[in-house]
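A.B. asks: For reference, the file upload18.cif (mmCIF, C-alpha atoms) is included below:
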```cif
data_coords
#
loop_
_atom_site.label_atom_id
_atom_site.label_comp_id
_atom_site.auth_asym_id
_atom_site.auth_seq_id
_atom_site.Cartn_x
_atom_site.Cartn_y
_atom_site.Cartn_z
CA MET A 1 71.51 62.94 130.83
CA LEU A 2 72.89 66.26 129.56
CA LYS A 3 75.93 64.51 128.08
CA ARG A 4 73.68 62.04 126.17
CA VAL A 5 71.57 64.90 124.76
CA LEU A 6 74.65 66.83 123.60
CA LYS A 7 76.15 63.73 122.01
CA SER A 8 72.88 62.96 120.21
CA SER A 9 72.65 66.54 118.90
CA ILE A 10 76.20 66.40 117.58
CA ILE A 11 75.55 63.12 115.76
CA ARG A 12 72.31 64.42 114.22
CA SER A 13 74.06 67.55 112.94
CA GLY A 14 76.52 65.40 111.02
CA PHE A 15 79.61 65.96 113.22
CA LEU A 16 80.98 63.19 115.38
CA LEU A 17 83.97 64.41 117.39
CA ARG A 18 86.31 62.05 119.17
CA SER A 19 88.88 63.33 121.61
CA ALA A 20 91.51 61.09 120.04
CA ASP A 21 90.99 62.56 116.55
CA PRO A 22 93.54 65.25 115.60
CA PRO A 23 92.05 68.55 114.43
CA ARG A 24 91.88 68.97 110.67
CA VAL A 25 92.35 72.46 109.30
CA GLN A 26 92.54 73.42 105.66
CA PHE A 27 94.29 76.58 104.61
CA SER A 28 93.77 78.31 101.29
CA ILE A 29 96.95 80.11 100.36
CA GLY A 30 96.34 80.82 96.70
CA PRO A 31 98.16 79.35 93.68
CA GLN A 32 100.78 76.80 94.66
CA GLN A 33 104.40 76.46 93.56
CA LYS A 34 104.23 73.85 90.78
CA HIS A 35 107.92 73.00 90.54
CA GLY A 36 111.08 73.12 92.63
CA THR A 37 112.80 76.02 90.89
CA PHE A 38 113.79 78.79 93.28
CA TYR A 39 115.99 81.88 93.27
CA GLU A 40 118.63 82.87 95.78
CA PHE A 41 119.00 86.61 96.37
CA ARG A 42 122.48 87.51 97.61
CA THR A 43 123.49 90.95 98.85
CA TYR A 44 127.14 91.75 99.58
CA ASN A 45 128.22 94.83 101.51
CA ILE A 46 131.60 95.98 100.25
CA ARG A 47 134.27 98.00 102.01
CA PRO A 48 134.04 101.52 100.55
CA ASP A 49 137.71 101.57 99.61
CA GLN A 50 137.38 98.19 97.87
CA ASN A 51 134.22 98.76 95.83
CA ALA A 52 135.94 99.24 92.47
CA ALA A 53 138.36 96.39 93.13
CA PHE A 54 135.50 94.04 94.05
CA PHE A 55 133.61 94.57 90.81
CA ARG A 56 136.81 94.42 88.75
CA LEU A 57 137.78 91.06 90.28
CA THR A 58 134.23 89.71 89.94
CA ASN A 59 134.13 90.72 86.29
CA GLU A 60 137.37 88.81 85.69
CA LYS A 61 136.51 85.67 87.63
CA ILE A 62 132.72 85.27 87.49
CA HIS A 63 133.10 82.57 84.82
CA LEU A 64 134.51 80.30 87.53
CA ARG A 65 131.23 80.64 89.42
CA THR A 66 128.79 80.44 86.51
CA ALA A 67 130.43 77.16 85.46
CA HIS A 68 128.59 75.61 88.43
CA SER A 69 125.07 77.11 88.29
CA GLU A 70 122.90 79.64 86.48
CA LEU A 71 123.22 83.35 87.18
CA LEU A 72 120.07 85.38 86.52
CA GLY A 73 121.50 88.85 87.14
CA TYR A 74 124.31 90.74 88.86
CA TRP A 75 124.07 94.43 89.74
CA SER A 76 125.77 97.21 91.66
CA VAL A 77 123.43 99.23 93.86
CA GLU A 78 123.27 102.88 92.79
CA TYR A 79 120.55 104.19 95.13
CA GLY A 80 119.04 102.60 98.22
CA GLY A 81 122.26 101.06 99.49
CA LEU A 82 125.85 102.23 99.13
CA ASN A 83 128.74 99.92 98.25
CA GLN A 84 126.52 96.90 97.65
CA ALA A 85 126.39 94.12 95.10
CA PHE A 86 123.11 92.30 94.47
CA HIS A 87 122.84 89.06 92.48
CA ILE A 88 120.24 86.37 91.80
CA TRP A 89 121.03 82.67 91.24
CA LYS A 90 118.62 80.06 89.90
CA TYR A 91 118.38 76.50 91.26
CA ASP A 92 116.16 73.57 90.33
CA SER A 93 116.14 72.14 93.87
CA TYR A 94 117.71 72.46 97.30
CA ALA A 95 119.71 69.33 96.55
CA GLN A 96 121.19 71.01 93.49
CA ARG A 97 122.17 74.06 95.52
CA ALA A 98 123.84 71.89 98.16
CA ALA A 99 125.77 70.05 95.45
CA VAL A 100 126.84 73.34 93.85
CA ARG A 101 128.06 74.74 97.16
CA ALA A 102 130.00 71.53 97.86
CA ALA A 103 131.59 71.60 94.40
CA LEU A 104 132.58 75.25 94.77
CA SER A 105 134.34 74.55 98.05
CA GLN A 106 136.44 71.93 96.23
CA ASP A 107 137.14 74.08 93.17
CA PRO A 108 140.79 75.20 93.55
CA ALA A 109 140.56 77.98 90.97
CA TRP A 110 137.41 79.48 92.53
CA MET A 111 138.82 79.33 96.04
CA SER A 112 142.31 80.64 95.27
CA GLU A 113 141.62 83.11 92.46
CA TYR A 114 138.38 84.61 93.80
CA ILE A 115 137.19 83.69 97.30
CA SER A 116 140.52 84.18 99.05
CA LYS A 117 140.85 87.62 97.46
CA VAL A 118 137.26 88.83 97.69
CA LEU A 119 136.42 87.96 101.30
CA PRO A 120 138.66 90.69 102.79
CA MET A 121 136.78 93.20 100.61
CA LEU A 122 133.40 92.43 102.21
CA THR A 123 131.88 93.61 105.47
CA ALA A 124 128.70 91.49 105.36
CA GLN A 125 126.74 89.01 103.25
CA ASP A 126 123.01 88.25 103.25
CA ASN A 127 120.77 85.89 101.33
CA GLU A 128 117.11 85.13 100.80
CA VAL A 129 115.36 82.30 98.96
CA ALA A 130 112.35 83.20 96.83
CA TYR A 131 109.97 81.58 94.36
CA MET A 132 108.65 83.33 91.29
CA VAL A 133 104.93 83.85 91.84
CA PRO A 134 102.70 81.54 89.73
CA TRP A 135 101.11 84.39 87.78
CA CYS A 136 104.41 85.82 86.58
CA ASP A 137 107.02 84.57 84.11
CA LEU A 138 110.48 86.02 83.65
CA GLN A 139 110.30 88.84 81.10
CA ARG A 140 113.56 90.09 79.71
CA PRO A 141 113.94 93.82 78.98
CA PRO A 142 113.19 94.98 75.44
CA GLN A 143 116.82 96.07 75.03
CA ASP A 144 120.19 95.90 76.75
CA GLY A 145 121.27 98.76 78.95
CA GLY A 146 119.10 100.76 81.27
CA VAL A 147 118.55 100.37 85.00
CA TYR A 148 116.59 98.04 87.26
CA GLU A 149 114.52 98.75 90.32
CA LEU A 150 114.06 96.12 93.02
CA VAL A 151 111.07 96.94 95.23
CA SER A 152 110.62 94.82 98.37
CA TYR A 153 107.25 94.77 100.12
CA GLN A 154 106.74 93.51 103.66
CA MET A 155 103.16 92.29 103.62
CA ARG A 156 100.98 91.57 106.64
CA PRO A 157 100.93 87.93 107.82
CA GLY A 158 98.45 85.65 106.13
CA GLY A 159 100.05 84.97 102.77
CA PRO A 160 98.62 85.31 99.25
CA ALA A 161 95.19 84.13 100.42
CA VAL A 162 94.91 87.47 102.23
CA TRP A 163 96.69 89.94 100.00
CA GLY A 164 97.51 88.07 96.75
CA LYS A 165 94.75 89.40 94.48
CA ALA A 166 95.11 93.00 95.59
CA PHE A 167 98.89 92.87 95.20
CA GLN A 168 98.67 91.33 91.73
CA ALA A 169 96.17 93.99 90.66
CA SER A 170 98.51 96.74 91.86
CA VAL A 171 101.49 95.31 89.97
CA THR A 172 99.46 94.78 86.80
CA SER A 173 98.12 98.34 86.91
CA HIS A 174 101.69 99.62 86.56
CA ASP A 175 102.87 97.06 84.02
CA ALA A 176 99.92 96.80 81.61
CA PRO A 177 99.80 100.51 80.57
CA GLY A 178 103.55 100.43 79.92
CA TYR A 179 104.67 102.80 82.66
CA CYS A 180 107.45 100.34 83.40
CA HIS A 181 108.61 96.92 82.24
CA LEU A 182 108.03 94.13 84.77
CA VAL A 183 110.84 91.58 84.79
CA ALA A 184 109.66 89.26 87.59
CA VAL A 185 107.80 89.00 90.90
CA PHE A 186 109.17 86.85 93.73
CA HIS A 187 107.73 85.64 97.06
CA ASN A 188 110.10 84.81 99.91
CA GLU A 189 110.49 81.26 101.21
CA PHE A 190 113.47 81.97 103.50
CA GLY A 191 114.45 85.31 104.98
CA LEU A 192 111.73 87.73 106.00
CA LEU A 193 108.42 85.92 105.53
CA ASN A 194 105.43 87.56 103.83
CA ARG A 195 107.93 89.47 101.73
CA VAL A 196 107.40 90.06 98.00
CA HIS A 197 109.88 91.51 95.51
CA THR A 198 109.17 93.11 92.16
CA LEU A 199 111.98 93.63 89.65
CA TRP A 200 111.41 96.38 87.07
CA TRP A 201 113.41 97.68 84.11
CA PHE A 202 113.66 101.28 82.88
CA GLN A 203 115.65 102.93 80.12
CA SER A 204 117.27 105.23 82.67
CA ALA A 205 116.79 106.69 86.13
CA ASP A 206 115.10 109.71 84.54
CA HIS A 207 112.76 107.41 82.62
CA ARG A 208 111.79 105.83 85.93
CA ALA A 209 111.10 109.24 87.48
CA GLU A 210 108.91 110.30 84.56
CA SER A 211 107.03 106.97 84.51
CA ARG A 212 106.35 107.29 88.21
CA ARG A 213 104.91 110.79 87.77
CA MET A 214 102.66 109.60 84.95
CA SER A 215 101.38 106.58 86.88
CA HIS A 216 100.40 108.79 89.81
CA THR A 217 97.89 110.56 87.56
CA ASP A 218 96.29 107.30 86.38
CA ALA A 219 93.05 106.61 88.27
CA ARG A 220 93.43 102.85 87.74
CA VAL A 221 96.85 102.83 89.39
CA VAL A 222 95.72 105.03 92.25
CA ALA A 223 92.70 102.79 92.93
CA SER A 224 94.69 99.54 92.86
CA VAL A 225 97.38 100.93 95.15
CA ARG A 226 94.72 102.16 97.54
CA ASP A 227 93.26 98.64 97.69
CA SER A 228 96.58 96.89 98.25
CA VAL A 229 98.14 99.28 100.76
CA HIS A 230 95.85 97.96 103.51
CA PHE A 231 97.89 94.75 103.48
CA LEU A 232 101.29 96.45 103.51
CA ASP A 233 103.53 96.95 106.55
CA SER A 234 106.55 98.52 104.86
CA GLN A 235 108.46 98.72 101.61
CA LYS A 236 111.86 99.73 100.31
CA ASN A 237 113.59 99.90 96.96
CA LYS A 238 116.98 99.94 95.28
CA LEU A 239 118.08 101.22 91.90
CA LEU A 240 120.41 98.69 90.30
CA LEU A 241 123.00 99.03 87.53
CA PRO A 242 123.67 95.76 85.65
CA CYS A 243 127.26 94.60 85.53
CA PRO A 244 128.82 93.88 82.11
CA PHE A 245 128.69 90.12 82.77
CA SER A 246 125.09 90.09 84.03
CA PRO A 247 122.70 87.97 81.90
CA LEU A 248 120.01 90.56 82.64
CA LYS A 249 121.49 93.76 81.21
#
```
As structure tokens - that is how I would like this structure written.
C.D. replies:
Amino acid sequence: MLKRVLKSSIIRSGFLLRSADPPRVQFSIGPQQKHGTFYEFRTYNIRPDQNAAFFRLTNEKIHLRTAHSELLGYWSVEYGGLNQAFHIWKYDSYAQRAAVRAALSQDPAWMSEYISKVLPMLTAQDNEVAYMVPWCDLQRPPQDGGVYELVSYQMRPGGPAVWGKAFQASVTSHDAPGYCHLVAVFHNEFGLLNRVHTLWWFQSADHRAESRRMSHTDARVVASVRDSVHFLDSQKNKLLLPCPFSPLK
């Protein structure tokens, strides 16, 4: 009798549950990636005694690599990581990346003139795959020269549905008044999840320091940071110097 009453109540309320039906859950995770373009972040740790030789060889031979796919930027790390190279590559799809990697392995000039010489110079390699966030387009610096800052934020689990609006407001509060020039914002797909990267440009390291001091006196910046920090677990940054061959200079 109790089972019939419960079943009747469920039907009247508009929900008919069957044990064989799989559960249906909808997640709202904010604006979606609208195309397949992604960016591979690569970080190379270089033997201290080989740092100069690594960048000299890369400067001479990078054309062998860029013949296969698009390089967004290539930097040496000045602060936040010693003896490191950081570079970003653009791909239209995972299939394209796989084809590029296969072609590189069969490229005799790339393998003999660069890879065979550079590998002994390295102590470690790391990579991440990231998408550019939907509300941000790539913005090139107003002039060549200067320095870049890569800030990496480890956000709390939940994705943009949880922290997206607050994070965007915090970034915009720094960019809109002109304290710094925002180049791009990326959201990890592979690597550490719930990780977001902002790439900024400054005229110099001193310009960055002065801009940071000014932004800390801006009530709008302070308020937006206060709102977004609740969703933050940790963050780190690196000051980057563009290499002569880097498209982003």
A.B. asks: Could you expand the PyMOL selection byres ((chain A and resi 51) around 12) into the explicit residues it covers here, written as a count of residues only?
C.D. replies: 25
A.B. asks: Can you give me, as a short mmCIF file (atom, residue, chain, number, x, y, z; two decimals) with C-alpha atoms, in the coordinates of the input, the residues this file yields under the PyMOL selection byres ((chain A and resi 191) around 10)?
C.D. replies:
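File produced: expr16.cif:
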```cif
data_model
loop_
_atom_site.label_atom_id
_atom_site.label_comp_id
_atom_site.auth_asym_id
_atom_site.auth_seq_id
_atom_site.Cartn_x
_atom_site.Cartn_y
_atom_site.Cartn_z
CA PHE A 41 119.00 86.61 96.37
CA ASP A 126 123.01 88.25 103.25
CA ASN A 127 120.77 85.89 101.33
CA GLU A 128 117.11 85.13 100.80
CA VAL A 129 115.36 82.30 98.96
CA ALA A 130 112.35 83.20 96.83
CA ASN A 188 110.10 84.81 99.91
CA GLU A 189 110.49 81.26 101.21
CA PHE A 190 113.47 81.97 103.50
CA LEU A 192 111.73 87.73 106.00
CA LEU A 193 108.42 85.92 105.53
CA ASN A 194 105.43 87.56 103.83
CA ARG A 195 107.93 89.47 101.73
#
```
A.B. asks: Residues within 8 Å of Asn59 in chain A, please, as an MDAnalysis selection string. Count all atoms listed in the file; anything in the same chain fewer than 5 positions from it doesn't count.
C.D. replies: chainID A and resid 243:245
A.B. asks: Grab all the atoms of range 111-127 of chain A that the file lists, wrap them in a box along x, y and z, add 3 Å per side, and give me centre plus edge lengths in Å (one decimal) as AutoDock Vina command-line options.
C.D. replies:
```
--center_x 131.5 --center_y 86.5 --center_z 99.0 --size_x 27.5 --size_y 20.3 --size_z 19.0
```
A.B. asks: Separation of CA of Leu232 in chain A and CA of Trp163 in chain A, in Å?
C.D. replies: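 Spanning CA of Leu232 in chain A to CA of Trp163 in chain A is a straight-line distance of 8.7 Å.
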A.B. asks: So, counting all atoms listed in the file, which residue among A:Tyr153, A:Tyr91, A:Tyr114, A:Phe186 is closest to Asp137 in chain A?
C.D. replies: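 Nearest to Asp137 in chain A: A:Phe186.
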A.B. asks: Tell me which of A:His68, A:Pro242, A:Ala223, A:Arg140 sits closest to Ala102 in chain A, counting all atoms listed in the file.
C.D. replies: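 Checking each of A:His68, A:Pro242, A:Ala223, A:Arg140 against Ala102 in chain A, counting all atoms listed in the file, the winner is A:His68.
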